[in-house]
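Below is upload21.txt, holding compact mmCIF, C-alpha atoms.
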```
# COMPACT_ATOMS: atom_id res chain seq x y z
CA MET Y 1 -24.83 -7.92 0.46
CA GLU Y 2 -21.40 -9.10 1.58
CA ARG Y 3 -20.05 -6.97 4.43
CA VAL Y 4 -16.25 -6.75 4.52
CA ILE Y 5 -13.69 -5.67 7.10
CA ILE Y 6 -10.24 -5.04 5.59
CA LEU Y 7 -7.35 -5.90 7.90
CA GLY Y 8 -4.45 -3.62 7.10
CA ALA Y 9 -1.51 -1.47 8.10
CA ALA Y 10 -1.97 1.69 6.00
CA GLY Y 11 -0.66 0.28 2.73
CA ARG Y 12 -1.99 -2.62 0.69
CA ASP Y 13 -5.33 -2.36 2.49
CA PHE Y 14 -6.04 1.04 0.94
CA HIS Y 15 -4.85 -0.10 -2.49
CA ASP Y 16 -6.96 -3.27 -2.44
CA PHE Y 17 -9.99 -1.23 -1.43
CA MET Y 18 -9.57 1.40 -4.13
CA VAL Y 19 -8.73 -0.98 -6.97
CA TYR Y 20 -10.98 -3.93 -6.09
CA TRP Y 21 -13.33 -3.88 -3.12
CA SER Y 22 -14.86 -0.42 -3.62
CA VAL Y 23 -16.11 -1.24 -7.12
CA GLN Y 24 -17.44 -4.77 -6.58
CA PRO Y 25 -21.22 -5.23 -6.86
CA LYS Y 26 -23.07 -6.57 -3.82
CA ILE Y 27 -20.10 -5.84 -1.54
CA GLU Y 28 -19.89 -3.17 1.13
CA VAL Y 29 -16.67 -2.54 3.04
CA ILE Y 30 -17.67 -1.47 6.53
CA CYS Y 31 -14.30 -0.47 8.02
CA PHE Y 32 -10.55 -0.94 8.05
CA THR Y 33 -8.43 -2.14 10.93
CA GLY Y 34 -4.86 -0.96 11.50
CA THR Y 35 -1.84 -2.55 13.14
CA GLN Y 36 2.01 -2.63 13.05
CA ILE Y 37 2.54 1.17 12.91
CA PRO Y 38 1.68 3.22 16.04
CA GLY Y 39 -1.03 5.84 15.52
CA ILE Y 40 -2.40 4.68 12.16
CA GLU Y 41 -5.76 3.66 13.60
CA ASN Y 42 -8.54 6.04 14.70
CA ARG Y 43 -8.41 7.86 11.37
CA THR Y 44 -10.89 8.14 8.52
CA PHE Y 45 -10.24 6.96 4.98
CA PRO Y 46 -11.61 9.93 3.00
CA PRO Y 47 -14.74 9.70 0.84
CA GLU Y 48 -12.83 11.40 -2.00
CA LEU Y 49 -10.81 8.18 -2.38
CA CYS Y 50 -13.74 5.76 -2.13
CA ASN Y 51 -14.74 5.67 -5.84
CA ASN Y 52 -18.19 6.96 -4.90
CA ASP Y 53 -18.78 7.91 -8.55
CA LYS Y 54 -18.52 4.20 -9.41
CA ASN Y 55 -20.47 2.61 -6.52
CA ASN Y 56 -23.59 4.77 -6.22
CA ASN Y 57 -22.11 6.89 -3.41
CA LEU Y 58 -21.73 3.92 -1.07
CA TYR Y 59 -19.18 5.68 1.16
CA PRO Y 60 -20.30 9.32 1.55
CA ARG Y 61 -18.52 9.65 4.92
CA GLY Y 62 -15.49 7.55 4.04
CA LEU Y 63 -14.47 4.61 6.22
CA GLU Y 64 -13.28 4.47 9.80
CA ILE Y 65 -10.01 2.78 10.74
CA PHE Y 66 -10.08 0.85 14.03
CA PRO Y 67 -7.35 -0.98 15.99
CA GLU Y 68 -7.02 -4.61 14.92
CA SER Y 69 -7.36 -5.58 18.59
CA MET Y 70 -11.08 -4.72 18.25
CA LEU Y 71 -11.61 -7.29 15.47
CA GLU Y 72 -14.18 -9.49 17.24
CA ILE Y 73 -16.06 -6.44 18.51
CA LEU Y 74 -16.19 -5.01 14.99
CA ILE Y 75 -17.46 -8.26 13.48
CA ASP Y 76 -20.33 -8.23 15.98
CA ARG Y 77 -21.01 -4.49 15.75
CA PHE Y 78 -21.19 -4.35 11.95
CA ASN Y 79 -22.50 -7.86 11.22
CA ALA Y 80 -19.48 -8.56 9.05
CA THR Y 81 -19.51 -11.58 6.74
CA THR Y 82 -15.90 -11.43 5.45
CA CYS Y 83 -12.51 -10.27 6.73
CA ALA Y 84 -9.85 -9.58 4.10
CA MET Y 85 -6.16 -9.82 4.99
CA ALA Y 86 -4.23 -6.94 3.39
CA TYR Y 87 -0.83 -6.42 5.02
CA SER Y 88 2.53 -8.14 4.99
CA ASP Y 89 5.66 -8.78 7.08
CA VAL Y 90 3.97 -11.33 9.34
CA ARG Y 91 4.62 -15.01 9.87
CA TYR Y 92 2.33 -17.80 8.70
CA ASP Y 93 1.22 -18.58 12.25
CA HIS Y 94 0.11 -14.94 12.69
CA VAL Y 95 -2.01 -15.10 9.53
CA GLN Y 96 -3.57 -18.41 10.58
CA SER Y 97 -4.26 -17.03 14.04
CA LEU Y 98 -6.19 -14.16 12.45
CA ALA Y 99 -8.05 -16.65 10.26
CA ALA Y 100 -9.01 -18.69 13.33
CA ARG Y 101 -10.29 -15.60 15.16
CA VAL Y 102 -12.35 -14.55 12.13
CA ASN Y 103 -13.76 -18.03 11.50
CA ALA Y 104 -14.67 -18.43 15.19
CA TYR Y 105 -16.95 -15.42 14.79
CA GLY Y 106 -18.63 -16.84 11.71
CA CYS Y 107 -16.78 -14.86 9.02
CA LYS Y 108 -14.91 -15.86 5.90
CA PHE Y 109 -11.20 -15.06 5.87
CA VAL Y 110 -9.79 -14.11 2.45
CA GLN Y 111 -6.67 -12.65 0.86
CA LEU Y 112 -6.75 -11.24 -2.67
CA PRO Y 113 -4.25 -12.62 -5.19
CA PRO Y 114 -1.91 -9.91 -6.55
CA LYS Y 115 -3.20 -10.14 -10.12
CA LEU Y 116 -6.59 -8.80 -9.06
CA THR Y 117 -5.08 -5.50 -7.93
CA GLN Y 118 -1.98 -5.02 -10.10
CA LEU Y 119 -2.16 -1.98 -12.38
CA THR Y 120 -0.84 -2.01 -15.95
CA SER Y 121 1.37 0.72 -17.37
CA SER Y 122 2.20 2.19 -20.76
CA LYS Y 123 5.86 2.22 -19.66
CA PRO Y 124 8.17 -0.68 -18.74
CA ILE Y 125 7.98 -1.62 -15.05
CA ILE Y 126 10.78 -3.15 -12.98
CA ALA Y 127 9.53 -4.36 -9.59
CA ILE Y 128 11.88 -4.94 -6.66
CA CYS Y 129 10.29 -7.17 -4.02
CA ALA Y 130 11.68 -9.44 -1.28
CA THR Y 131 11.15 -12.55 0.79
CA ARG Y 132 11.01 -10.43 3.96
CA THR Y 133 11.75 -6.97 5.29
CA GLY Y 134 15.34 -5.84 5.66
CA THR Y 135 16.87 -7.77 2.76
CA GLY Y 136 18.02 -4.71 0.80
CA LYS Y 137 15.18 -3.85 -1.59
CA SER Y 138 15.84 -0.12 -1.56
CA GLN Y 139 19.58 -0.58 -2.03
CA SER Y 140 18.83 -2.83 -5.00
CA THR Y 141 16.37 -0.28 -6.36
CA ARG Y 142 18.94 2.50 -6.14
CA PHE Y 143 21.57 0.33 -7.85
CA ILE Y 144 19.23 -0.38 -10.76
CA ALA Y 145 18.25 3.30 -10.94
CA ARG Y 146 21.92 4.33 -11.16
CA TYR Y 147 22.57 1.74 -13.88
CA LEU Y 148 19.63 2.92 -15.99
CA LYS Y 149 20.49 6.60 -15.57
CA GLU Y 150 24.07 5.89 -16.68
CA LYS Y 151 22.53 4.40 -19.83
CA GLY Y 152 20.69 7.68 -20.41
CA LYS Y 153 17.24 6.51 -19.31
CA ARG Y 154 14.75 8.73 -17.50
CA ILE Y 155 13.49 6.79 -14.49
CA ALA Y 156 10.95 7.26 -11.73
CA ILE Y 157 10.81 5.34 -8.46
CA VAL Y 158 7.41 4.45 -6.99
CA ARG Y 159 7.59 3.47 -3.34
CA HIS Y 160 5.28 1.07 -1.53
CA PRO Y 161 2.82 3.21 0.49
CA MET Y 162 3.57 4.73 3.88
CA PRO Y 163 0.61 7.10 4.44
CA TYR Y 164 0.91 7.87 8.13
CA ASP Y 165 -0.47 11.43 8.17
CA GLN Y 166 -3.65 12.00 10.14
CA VAL Y 167 -5.25 13.63 7.08
CA LEU Y 168 -4.98 10.90 4.46
CA LEU Y 169 -6.24 12.99 1.55
CA LYS Y 170 -3.02 15.04 1.74
CA GLN Y 171 -1.11 11.90 0.77
CA ARG Y 172 -3.16 10.90 -2.25
CA CYS Y 173 -0.30 11.42 -4.73
CA GLN Y 174 3.09 12.65 -3.53
CA CYS Y 175 6.14 13.57 -5.58
CA PHE Y 176 9.56 14.05 -3.97
CA GLN Y 177 12.37 15.82 -5.83
CA SER Y 178 14.20 17.62 -3.01
CA LEU Y 179 14.68 17.21 0.73
CA SER Y 180 12.39 20.19 1.30
CA ASP Y 181 9.55 18.05 -0.06
CA LEU Y 182 9.90 15.86 3.06
CA GLU Y 183 9.06 18.90 5.19
CA LYS Y 184 6.29 20.02 2.87
CA ASN Y 185 4.66 16.59 3.10
CA ASN Y 186 5.11 16.34 6.88
CA CYS Y 187 6.95 13.02 6.51
CA THR Y 188 7.48 10.78 9.53
CA ILE Y 189 10.84 9.26 10.51
CA GLU Y 190 9.76 6.00 8.87
CA GLU Y 191 9.02 7.76 5.59
CA ARG Y 192 12.26 9.76 5.68
CA GLU Y 193 14.29 6.59 6.15
CA GLU Y 194 12.93 5.26 2.87
CA TYR Y 195 12.77 8.47 0.84
CA GLU Y 196 15.95 10.45 1.69
CA MET Y 197 18.47 8.24 -0.11
CA HIS Y 198 16.43 8.30 -3.31
CA ILE Y 199 16.22 12.10 -3.15
CA LYS Y 200 19.96 12.45 -2.45
CA GLU Y 201 20.65 10.32 -5.53
CA GLN Y 202 18.34 12.64 -7.53
CA ASN Y 203 15.80 9.93 -8.22
CA LEU Y 204 12.32 11.19 -9.01
CA LEU Y 205 10.23 9.56 -6.29
CA TYR Y 206 6.49 8.99 -5.95
CA ALA Y 207 4.45 7.59 -3.08
CA GLY Y 208 1.02 8.01 -1.51
CA ILE Y 209 -2.34 6.22 -1.55
CA ASP Y 210 -3.93 6.46 -5.00
CA TYR Y 211 -1.58 4.31 -7.06
CA THR Y 212 -3.60 4.68 -10.24
CA MET Y 213 -3.01 8.43 -10.08
CA ILE Y 214 0.60 7.93 -8.98
CA LEU Y 215 1.33 5.59 -11.89
CA ARG Y 216 -0.16 8.01 -14.43
CA GLU Y 217 1.98 10.85 -13.03
CA ALA Y 218 5.12 8.71 -13.13
CA GLU Y 219 4.38 7.74 -16.75
CA LYS Y 220 4.43 11.43 -17.73
CA ASN Y 221 7.98 11.90 -16.47
CA ALA Y 222 9.82 8.63 -16.97
CA GLU Y 223 10.80 6.12 -19.65
CA ILE Y 224 11.12 3.32 -17.08
CA ILE Y 225 9.33 2.99 -13.72
CA ILE Y 226 10.87 1.10 -10.81
CA TRP Y 227 8.69 -0.26 -8.00
CA ASP Y 228 10.48 -0.07 -4.64
CA GLY Y 229 8.59 -2.64 -2.59
CA GLY Y 230 7.74 -2.79 1.07
CA ASN Y 231 8.28 -5.73 3.43
CA ASN Y 232 7.53 -9.00 1.59
CA ASP Y 233 4.53 -7.65 -0.30
CA CYS Y 234 3.96 -7.97 -4.04
CA SER Y 235 4.14 -5.07 -6.46
CA PHE Y 236 1.01 -2.96 -7.03
CA PHE Y 237 2.02 -2.82 -10.72
CA SER Y 238 2.16 -5.59 -13.30
CA ALA Y 239 5.91 -5.83 -13.93
CA ASP Y 240 7.87 -6.55 -17.09
CA LEU Y 241 10.78 -7.61 -14.88
CA GLN Y 242 10.41 -8.65 -11.23
CA ILE Y 243 13.40 -9.08 -8.95
CA CYS Y 244 12.93 -10.81 -5.58
CA VAL Y 245 15.67 -10.07 -3.04
CA ALA Y 246 16.43 -12.84 -0.49
CA ASP Y 247 18.77 -13.03 2.51
CA ALA Y 248 20.13 -16.55 2.98
CA LEU Y 249 21.33 -15.68 6.49
CA ARG Y 250 17.80 -14.80 7.66
CA VAL Y 251 15.78 -17.88 6.82
CA ASP Y 252 12.96 -17.25 9.29
```

For the file at hand, write its structure as structure tokens.
Amino acid sequence: MERVIILGAAGRDFHDFMVYWSVQPKIEVICFTGTQIPGIENRTFPPELCNNDKNNNLYPRGLEIFPESMLEILIDRFNATTCAMAYSDVRYDHVQSLAARVNAYGCKFVQLPPKLTQLTSSKPIIAICATRTGTGKSQSTRFIARYLKEKGKRIAIVRHPMPYDQVLLKQRCQCFQSLSDLEKNNCTIEEREEYEMHIKEQNLLYAGIDYTMILREAEKNAEIIIWDGGNNDCSFFSADLQICVADALRVD
């Protein structure tokens, strides 16, 4: 049995687990680690999201999320065999440093290719991604949304995950149509920064953790779905049109 630690930041890590790792035979994920965002560690990924109906109830108590600083301790404690990289917005030397730490403790270091975890849709998908954070993905997303709405198209925006609530199950599938929904969903400042402009432009907005459920909900209400990416990560959806935003003045 391969024993996997998923290195994450409350985003792609959860998606990779739900879509790929949790349903692989002869693989057991033993925990997540969290970094980048203060307070996202020391939580539990809920059993309701662990696909226990598909893996013989392998995760009846869910999965704990530990600080990434404990990585070597966790490898020893849980006899891990593999560590899977599953977050973005880091430099190459940071990734290779993690790989060196993992290899030094006798583990494989892997990163899933996007095609293994991209979901397919019955509706056209436009994905807005970027070479790095801060290049203007959301502004580009809103521009495309305005253009399509002017053409009479019903659109839905699906935002890269930002599940920072202590109770993760509350954020399984979120829909935002008014500013009051930000209060109802107990959104953090980071979430509000990304969501408010979409709401003010009357864009139907989805976010959360379970992107299979989110995609199916968006399909019910839109003719075209637009992926609003996070950092320099790839889309969680297989896109009919992918746009990559770059900033020539920020080459690093």

Task: Shell of 9 Å around Val167 of chain Y, only C-alpha atoms, local chain residues under 4 positions omitted, as a VMD selection string - done: chain Y and resid 43 to 46 171

Open item on the list: Could you check the closest approach to Ala86 of chain Y for each of Y:Gln111, Y:Thr188, Y:Gln118, Y:Thr133 and tell me which residue wins, using only C-alpha atoms?
Closed with: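 Using only C-alpha atoms, Ala86 of chain Y sits closest to Y:Gln111.
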
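Closest approach to Pro114 of chain Y from the set Y:Cys234, Y:Val95, Y:Cys31, Y:Ala145 is made by Y:Cys234, with distances taken over only C-alpha atoms.
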
TODO: Please identify all polymer residues within 9 Å of Trp227 of chain Y, counting only C-alpha atoms, omitting same-chain residues fewer than 5 positions from it, and present them as number ranges by chain.
DONE: Y: 125-129, 141, 156-160, 235-237, 239

Open item on the list: Residues within 12 Å of Tyr105 of chain Y, please, as a list in words. Count only C-alpha atoms; anything in the same chain fewer than 4 positions from it doesn't count.
Closed with: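 Listed by chain and then number, they are Leu71, Glu72, Ile73, Leu74, Ile75, Asp76, Arg77, Asn79, Ala80, Thr81, Thr82, Cys83, Leu98, Ala99, Ala100, Arg101 and Phe109 of chain Y.
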
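Closest to Pro163 of chain Y among Y:Val29, Y:Ala218, Y:Ala207, Y:Ala104 is Y:Ala207, based on all atoms listed in the file.
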
- [ ] Go through Y:Val110, Y:Leu49, Y:Met70, Y:Leu116 one by one, measure the shortest atom-to-atom distance of each to Cys173 of chain Y using all atoms listed in the file, and give the residue with the smallest value.
- [x]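 Comparing Y:Val110, Y:Leu49, Y:Met70, Y:Leu116 against Cys173 of chain Y, the winner is Y:Leu49.
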
- [ ] Give me, please, the distance in Å between atom CA of Arg142 of chain Y and atom CA of Asp16 of chain Y, quoted to one decimal.
- [x] 26.8 Å

TODO: Rank Y:Met1, Y:Ile214, Y:Leu7, Y:Leu204 by their smallest atom-to-atom distance to Gln24 of chain Y, using all atoms listed in the file, and report the top residue only.
DONE: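 Closest to Gln24 of chain Y of all the choices is Y:Met1.
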
Open item on the list: One number please: atom CA of Ile224 of chain Y to atom CA of Arg132 of chain Y, in Å, one decimal.
Closed with: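 Between atom CA of Ile224 of chain Y and atom CA of Arg132 of chain Y the gap works out to 25.1 Å.
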
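Distances here use all atoms listed in the file; by that measure, the residue among Y:Pro67, Y:Gln96, Y:Met18, Y:Asn56 closest to Gly34 of chain Y is Y:Pro67.
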
Open item on the list: Between atom CA of Lys151 of chain Y and atom CA of Lys137 of chain Y, what is the distance in Å, rounded to a tenth?
Closed with: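 Between atom CA of Lys151 of chain Y and atom CA of Lys137 of chain Y the gap is 21.3 Å.
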